[in-house]
Structure formats: structure tokens, C-alpha cells
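The file work-v1.cif contains mmCIF, C-alpha atoms:
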```cif
data_my_file
loop_
_atom_site.label_atom_id
_atom_site.label_comp_id
_atom_site.auth_asym_id
_atom_site.auth_seq_id
_atom_site.Cartn_x
_atom_site.Cartn_y
_atom_site.Cartn_z
CA MET A 121 -22.34 20.81 8.22
CA PHE A 122 -22.39 17.40 6.54
CA GLU A 123 -21.00 14.31 8.24
CA TYR A 124 -17.38 13.40 7.60
CA THR A 125 -14.54 11.33 9.00
CA LEU A 126 -11.48 13.29 10.08
CA LYS A 127 -8.01 11.76 9.88
CA ARG A 128 -5.07 13.79 11.17
CA SER A 129 -1.38 13.17 10.51
CA ARG A 130 1.84 14.82 11.63
CA ARG A 131 3.36 14.19 8.22
CA ARG A 132 0.57 15.88 6.27
CA LYS A 133 1.10 19.54 5.34
CA THR A 134 -2.17 20.30 3.54
CA VAL A 135 -5.87 19.52 3.93
CA ALA A 136 -7.45 17.11 1.47
CA ILE A 137 -10.92 15.64 0.88
CA LYS A 138 -11.84 12.21 -0.43
CA VAL A 139 -15.35 11.11 -1.36
CA HIS A 140 -15.60 7.33 -1.69
CA GLN A 141 -18.84 5.32 -1.83
CA GLN A 142 -20.69 8.52 -0.82
CA ALA A 143 -18.66 8.83 2.39
CA VAL A 144 -16.55 11.95 3.01
CA THR A 145 -13.07 11.65 4.56
CA VAL A 146 -10.98 14.70 5.43
CA TYR A 147 -7.21 14.43 5.82
CA ALA A 148 -5.61 17.25 7.80
CA PRO A 149 -2.38 18.16 9.61
CA ILE A 150 -2.37 17.94 13.40
CA GLY A 151 -2.25 21.71 13.93
CA VAL A 152 -5.33 22.79 11.95
CA ALA A 153 -8.08 24.06 14.27
CA LYS A 154 -11.49 22.40 13.85
CA LYS A 155 -13.26 25.76 13.26
CA GLU A 156 -10.80 26.66 10.54
CA LEU A 157 -11.19 23.20 9.02
CA GLU A 158 -14.99 23.31 8.98
CA SER A 159 -14.98 26.81 7.49
CA TRP A 160 -12.81 25.51 4.67
CA LEU A 161 -15.08 22.49 4.23
CA LEU A 162 -18.15 24.69 3.89
CA SER A 163 -16.50 26.39 0.92
CA LYS A 164 -16.21 22.93 -0.71
CA THR A 165 -19.84 21.92 -0.08
CA ASP A 166 -20.95 22.23 -3.71
CA TRP A 167 -18.05 20.09 -4.97
CA ILE A 168 -18.66 17.47 -2.29
CA ASN A 169 -22.38 17.27 -3.09
CA VAL A 170 -21.61 16.82 -6.78
CA GLN A 171 -19.27 13.91 -6.01
CA ILE A 172 -21.82 12.25 -3.71
CA THR A 173 -24.54 12.62 -6.36
CA LYS A 174 -22.32 11.14 -9.05
CA GLN A 175 -21.47 8.15 -6.89
CA SER A 176 -25.09 7.56 -5.93
CA GLN A 177 -26.02 7.41 -9.62
CA GLN A 178 -23.31 4.95 -10.54
CA LEU A 179 -24.39 1.36 -11.14
CA ASP A 180 -23.66 -0.86 -8.15
CA THR A 181 -21.55 -3.67 -9.63
CA ARG A 182 -20.51 -5.19 -6.31
CA GLN A 183 -21.34 -8.82 -5.55
CA TYR A 184 -23.95 -9.88 -2.96
CA PRO A 185 -23.23 -13.62 -2.68
CA LEU A 186 -25.56 -14.49 0.21
CA LYS A 187 -28.50 -12.71 -1.46
CA SER A 188 -27.93 -13.56 -5.13
CA HIS A 189 -26.53 -17.06 -4.44
CA LEU A 190 -23.82 -16.26 -6.97
CA VAL A 191 -20.11 -15.43 -6.71
CA VAL A 192 -17.50 -14.79 -9.39
CA VAL A 193 -14.38 -16.95 -9.25
CA PHE A 194 -11.62 -16.25 -11.79
CA ASP A 195 -14.14 -14.35 -13.94
CA ASP A 196 -16.57 -17.30 -13.99
CA VAL A 197 -19.94 -17.28 -12.24
CA VAL A 198 -20.34 -19.94 -9.54
CA GLN A 199 -23.77 -20.76 -8.13
CA LEU A 200 -24.04 -21.11 -4.35
CA THR A 201 -26.23 -23.56 -2.47
CA PHE A 202 -26.68 -23.50 1.31
CA ALA A 203 -27.40 -26.46 3.54
CA VAL A 204 -27.31 -27.64 7.15
CA SER A 205 -25.21 -30.74 7.80
CA ASN A 206 -23.50 -32.59 10.62
CA ARG A 207 -20.34 -30.54 10.02
CA SER A 208 -19.31 -27.33 8.27
CA HIS A 209 -17.63 -27.83 4.89
CA TRP A 210 -17.71 -26.78 1.25
CA LEU A 211 -17.88 -28.85 -1.94
CA LEU A 212 -17.22 -27.59 -5.48
CA VAL A 213 -19.23 -29.39 -8.16
CA LYS A 214 -18.06 -28.57 -11.68
CA ASN A 215 -21.21 -29.21 -13.70
CA GLN A 216 -22.01 -27.75 -17.10
CA PRO A 217 -22.98 -25.07 -17.84
CA VAL A 218 -22.76 -23.70 -14.24
CA THR A 219 -20.34 -24.71 -11.51
CA THR A 220 -21.95 -25.07 -8.07
CA LEU A 221 -20.37 -24.45 -4.68
CA GLN A 222 -22.22 -26.27 -1.90
CA LEU A 223 -21.79 -24.59 1.50
CA SER A 224 -22.85 -26.79 4.40
CA ILE A 225 -22.77 -25.74 8.05
CA SER A 226 -23.36 -27.58 11.29
CA GLY A 227 -26.87 -27.40 12.73
CA ARG A 228 -25.30 -26.34 16.03
CA VAL A 229 -24.10 -23.01 14.56
CA LYS A 230 -26.00 -20.05 16.03
CA HIS A 231 -25.02 -17.30 13.58
CA GLN A 232 -25.62 -19.15 10.34
CA GLN A 233 -25.18 -16.25 7.90
CA LEU A 234 -21.81 -15.36 9.43
CA MET A 235 -20.71 -18.98 9.19
CA TYR A 236 -21.75 -19.18 5.52
CA GLN A 237 -19.70 -16.03 4.88
CA THR A 238 -16.68 -17.47 6.70
CA LEU A 239 -16.95 -20.73 4.79
CA LEU A 240 -17.22 -18.91 1.46
CA GLU A 241 -14.23 -16.71 2.22
CA THR A 242 -12.22 -19.79 3.25
CA PHE A 243 -12.98 -21.39 -0.11
CA LEU A 244 -12.08 -18.22 -2.03
CA HIS A 245 -8.87 -17.83 -0.04
CA GLU A 246 -7.79 -21.39 -0.90
CA GLN A 247 -8.56 -20.91 -4.59
CA LEU A 248 -6.59 -17.68 -4.88
CA GLU A 249 -3.68 -18.86 -2.73
CA SER A 250 -3.26 -22.01 -4.82
CA TYR A 251 -3.28 -20.05 -8.10
CA ILE A 252 -0.91 -17.32 -6.89
CA GLU A 253 1.62 -19.77 -5.44
CA MET A 254 1.72 -21.61 -8.76
CA ARG A 255 2.12 -18.43 -10.84
CA VAL A 256 4.68 -16.86 -8.49
CA ASN A 257 6.84 -19.93 -9.04
CA ASP A 258 6.36 -19.66 -12.81
CA TYR A 259 7.19 -15.97 -12.99
CA CYS A 260 10.15 -16.21 -10.63
CA LEU A 261 11.72 -18.66 -13.08
CA LYS A 262 10.99 -16.37 -16.03
CA MET A 263 12.28 -13.29 -14.20
CA ALA A 264 15.34 -15.06 -12.75
CA GLU A 265 14.12 -13.87 -9.36
CA ALA A 266 14.48 -15.70 -6.05
CA LEU A 267 11.21 -16.76 -4.46
CA PRO A 268 9.68 -14.30 -1.97
CA SER A 269 10.14 -15.06 1.71
CA SER A 270 6.37 -15.42 2.17
CA ILE A 271 3.05 -15.05 0.36
CA ARG A 272 -0.06 -13.92 2.21
CA ILE A 273 -3.67 -13.31 1.21
CA GLN A 274 -5.77 -10.68 2.94
CA THR A 275 -8.46 -8.16 2.11
CA TYR A 276 -7.48 -4.60 1.26
CA LYS A 277 -9.76 -1.67 0.46
CA ARG A 278 -7.53 0.34 -1.86
CA ARG A 279 -4.67 -1.82 -3.15
CA TRP A 280 -4.30 -5.11 -4.94
CA GLY A 281 -0.97 -6.20 -3.53
CA SER A 282 2.07 -5.16 -1.53
CA CYS A 283 5.76 -5.96 -1.14
CA ASN A 284 8.16 -4.99 1.65
CA ARG A 285 11.90 -5.03 2.29
CA ARG A 286 11.63 -8.46 3.92
CA ARG A 287 10.54 -9.86 0.52
CA GLU A 288 7.06 -10.59 1.84
CA LEU A 289 4.30 -10.41 -0.74
CA THR A 290 0.64 -9.86 0.11
CA PHE A 291 -2.26 -10.09 -2.35
CA ASN A 292 -5.83 -8.84 -2.05
CA LEU A 293 -8.35 -11.66 -1.59
CA LEU A 294 -10.78 -9.81 -3.88
CA LEU A 295 -8.54 -10.67 -6.84
CA VAL A 296 -10.07 -14.15 -6.83
CA SER A 297 -13.00 -12.74 -8.81
CA ALA A 298 -10.75 -11.21 -11.48
CA PRO A 299 -9.68 -12.90 -14.74
CA GLN A 300 -6.48 -14.87 -14.27
CA TYR A 301 -4.55 -12.64 -16.69
CA ILE A 302 -5.30 -9.67 -14.40
CA ILE A 303 -4.06 -11.61 -11.37
CA ASP A 304 -0.90 -12.39 -13.35
CA TYR A 305 -0.32 -8.66 -13.82
CA VAL A 306 -0.55 -8.03 -10.06
CA ILE A 307 1.87 -10.92 -9.47
CA VAL A 308 4.43 -9.50 -11.92
CA HIS A 309 3.95 -6.04 -10.42
CA GLU A 310 4.75 -7.25 -6.91
CA LEU A 311 7.63 -9.47 -8.05
CA ALA A 312 9.16 -6.46 -9.80
CA HIS A 313 9.11 -4.70 -6.42
CA LEU A 314 11.53 -7.32 -5.12
CA LYS A 315 14.19 -5.60 -7.25
CA TYR A 316 12.79 -2.05 -7.24
CA LEU A 317 10.84 -1.10 -4.12
CA ASN A 318 9.39 1.97 -5.88
CA HIS A 319 7.55 2.96 -9.06
CA SER A 320 10.59 4.30 -10.91
CA ALA A 321 11.23 4.01 -14.65
CA PRO A 322 13.41 0.88 -14.16
CA PHE A 323 10.57 -0.71 -12.17
CA TRP A 324 8.02 -0.19 -14.96
CA LEU A 325 10.55 -1.37 -17.52
CA ARG A 326 10.88 -4.64 -15.61
CA VAL A 327 7.10 -4.99 -15.38
CA SER A 328 6.69 -4.36 -19.12
CA GLU A 329 9.39 -6.92 -19.94
CA PHE A 330 7.37 -9.73 -18.38
CA TYR A 331 3.86 -8.29 -18.74
CA PRO A 332 3.79 -6.05 -21.86
CA ASP A 333 0.05 -5.24 -21.53
CA TYR A 334 0.38 -3.82 -18.02
CA LYS A 335 -1.31 -0.53 -18.98
CA GLN A 336 -4.43 -2.39 -20.14
CA ALA A 337 -4.42 -4.43 -16.93
CA THR A 338 -4.20 -1.33 -14.71
CA LYS A 339 -7.02 0.23 -16.74
CA TRP A 340 -9.15 -2.90 -16.25
CA LEU A 341 -8.66 -2.78 -12.48
CA LYS A 342 -9.66 0.90 -12.36
CA GLN A 343 -12.79 0.26 -14.43
CA HIS A 344 -13.89 -3.05 -12.93
CA GLY A 345 -12.34 -3.08 -9.45
CA ALA A 346 -15.69 -2.38 -7.79
CA SER A 347 -17.16 -5.56 -9.32
CA LEU A 348 -14.60 -7.62 -7.38
CA GLN A 349 -15.98 -6.48 -4.03
CA TRP A 350 -18.39 -8.54 -1.91
CA VAL A 351 -21.19 -7.27 0.31
CA PHE A 352 -22.48 -9.61 3.03
CA ASP A 353 -25.09 -7.33 4.68
#
```
Once you've parsed the file, please lay out its structure as C-alpha cells.
Amino acid sequence: MFEYTLKRSRRRKTVAIKVHQQAVTVYAPIGVAKKELESWLLSKTDWINVQITKQSQQLDTRQYPLKSHLVVVFDDVVQLTFAVSNRSHWLLVKNQPVTTLQLSISGRVKHQQLMYQTLLETFLHEQLESYIEMRVNDYCLKMAEALPSSIRIQTYKRRWGSCNRRRELTFNLLLVSAPQYIIDYVIVHELAHLKYLNHSAPFWLRVSEFYPDYKQATKWLKQHGASLQWVFD
């Protein structure tokens, strides 16, 4: 039996398999016995192996900033330099043809790689937050929509944004590597949820009114979403 992660739920009525980045996750109802589950999984072995093989052959487009010394910011490549200083800080130098981000950490830091990662993520967070706050204001005026109660930035694995009944919007930090027109689509998508907290026909009509090319944007995210991810191993 191959290795897999089992996730059970009282709400789930059927068993399902997901293969993502060559890892197998099984979703099952609470009452399914483990023997019955593994017997069913064995019958799916060929399909699972095919999915794992396909994923292993796919080109790895993820970013490795600490190894490559490069990171993508708003679809532009930024070169990273690392230094030890009297304090930890970052400095963006917009030279031509390549913009450079200087990451400096205190010589007293023990885990230097982790601190460089933290500093880089702080910079990326500030860049995305500043852009999104500006564009949320712009689109709220266009959409005649009241401002959301809050805007947060955090890292998600499988979604680009979220909206809840408290009018709180959250955006995926990984969007900072996307083109700005793609970020605009996610902003309009989440702002449309302030009126329609679902994906009904009226919701998509509102999205299309203020972002007509939404289908192309969703297609771009499906095709290029992996390239927005960072690996710090």
C-alpha cells in the first residue's frame, strides 16, 4: 500500500482521492472502516500511479528565491542580494535593466536563512498590501460598493482570496508575483462577493461588468498559478 494522508469528515458522504504535487490525500466519511478504505484504494492504484508520474514529469515552475537570488514581483524579475549589517532591513534599488532588492540582517542572527526568508516575505507583503489597498479603493468607487471592513494578506495553498459575511477580505500573498491585471481580477472577484456571497449567475454578471476578461484571468491562474509559489528549502 502506498503512503497517503487520510482526512475524515462527518459531512462527507463519499470517498475521494486527490493527487497534488505527487502527494496522495484521501477524503472519507467518518464511518468507513480502514480495511474497506484500503481495499478500495488498491483498486485505484493504477490511476494514482499515472497521476504521480504525470506530476513528476511536469516542469517545476516554482520560485526558489534563496537559491536563485531572484524573485518575481508584479510579473517583473527582481534580483536579490544578501548581506550582514548592524540591523535587519531591506532596500529596493530600481536600477535598469534589473531592479535589486538588498536584504540585510543583523550579525547577531543565528538562523540566517530563516531571517532572510522572513525579511523577503515582509517586503513582499508590504508591496502587495499597498497595491491591493489602492485598487480596492478604486474599484469600490467604480462598483458603488462600500469599503470592506478589513483587508488581510496571508498565504493560502488552494485559493487566491476570500470574503466572509463580516465583509472581511483576505488575499493570497503569492499574488504579489502575478501581473497586476491578474491581481485586479481577484480584487473584483472578492468585491463582488460583498453583494453575492456565492458563485451564482448574478455574481458572475457583476464580475463581468467590472472585469470583462475574467475568464482569461481565471485561465491564467490555472495555467501559471504554480509559478507564483516560493520554495525556501
For this session: Taking the file as shown, find all residues satisfying the PyMOL selection byres ((chain A and resi 217) around 12) and write them as a ChimeraX atom specification.
Result: /A:196-199,213-216,218-220
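Using only C-alpha atoms, the smallest distance between any of A:Ile303, A:Ile271, A:Leu289, A:Ala298 and Val191 of chain A comes from A:Ala298.
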Selected by the PyMOL selection byres ((chain A and resi 235) around 12) in the shown coordinates: which residues, as a PDB file with C-alpha atoms, keeping the file's coordinate frame?
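Output below, filename selection.pdb:
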```
ATOM      1  CA  LEU A 186     -25.560 -14.490   0.210  1.00  0.00           C
ATOM      2  CA  PHE A 202     -26.680 -23.500   1.310  1.00  0.00           C
ATOM      3  CA  ALA A 203     -27.400 -26.460   3.540  1.00  0.00           C
ATOM      4  CA  VAL A 204     -27.310 -27.640   7.150  1.00  0.00           C
ATOM      5  CA  ARG A 207     -20.340 -30.540  10.020  1.00  0.00           C
ATOM      6  CA  SER A 208     -19.310 -27.330   8.270  1.00  0.00           C
ATOM      7  CA  HIS A 209     -17.630 -27.830   4.890  1.00  0.00           C
ATOM      8  CA  TRP A 210     -17.710 -26.780   1.250  1.00  0.00           C
ATOM      9  CA  LEU A 223     -21.790 -24.590   1.500  1.00  0.00           C
ATOM     10  CA  SER A 224     -22.850 -26.790   4.400  1.00  0.00           C
ATOM     11  CA  ILE A 225     -22.770 -25.740   8.050  1.00  0.00           C
ATOM     12  CA  SER A 226     -23.360 -27.580  11.290  1.00  0.00           C
ATOM     13  CA  GLY A 227     -26.870 -27.400  12.730  1.00  0.00           C
ATOM     14  CA  ARG A 228     -25.300 -26.340  16.030  1.00  0.00           C
ATOM     15  CA  VAL A 229     -24.100 -23.010  14.560  1.00  0.00           C
ATOM     16  CA  LYS A 230     -26.000 -20.050  16.030  1.00  0.00           C
ATOM     17  CA  HIS A 231     -25.020 -17.300  13.580  1.00  0.00           C
ATOM     18  CA  GLN A 232     -25.620 -19.150  10.340  1.00  0.00           C
ATOM     19  CA  GLN A 233     -25.180 -16.250   7.900  1.00  0.00           C
ATOM     20  CA  LEU A 234     -21.810 -15.360   9.430  1.00  0.00           C
ATOM     21  CA  TYR A 236     -21.750 -19.180   5.520  1.00  0.00           C
ATOM     22  CA  GLN A 237     -19.700 -16.030   4.880  1.00  0.00           C
ATOM     23  CA  THR A 238     -16.680 -17.470   6.700  1.00  0.00           C
ATOM     24  CA  LEU A 239     -16.950 -20.730   4.790  1.00  0.00           C
ATOM     25  CA  LEU A 240     -17.220 -18.910   1.460  1.00  0.00           C
ATOM     26  CA  GLU A 241     -14.230 -16.710   2.220  1.00  0.00           C
ATOM     27  CA  THR A 242     -12.220 -19.790   3.250  1.00  0.00           C
ATOM     28  CA  PHE A 352     -22.480  -9.610   3.030  1.00  0.00           C
TER      29      PHE A 352
END
```
Problem set entry | Nearest to Val308 of chain A, chosen from A:Leu295, A:Leu212, A:Met263, A:Val193, with only C-alpha atoms counted in the distances |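 Going through A:Leu295, A:Leu212, A:Met263, A:Val193 one by one, the smallest distance to Val308 of chain A is for A:Met263.
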Exercise. Written as a VMD selection string, which residues does the PyMOL selection byres ((chain A and resi 296) around 9) give for the file shown?
Worked result: chain A and resid 192 to 195 244 to 245 247 to 249 292 to 295 297 to 300 303 348
For this session: Tell me, in Å to one decimal, how far atom CA of Ala266 of chain A is from atom CA of Trp280 of chain A.
Result: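 Atom CA of Ala266 of chain A sits 21.6 Å away from atom CA of Trp280 of chain A.
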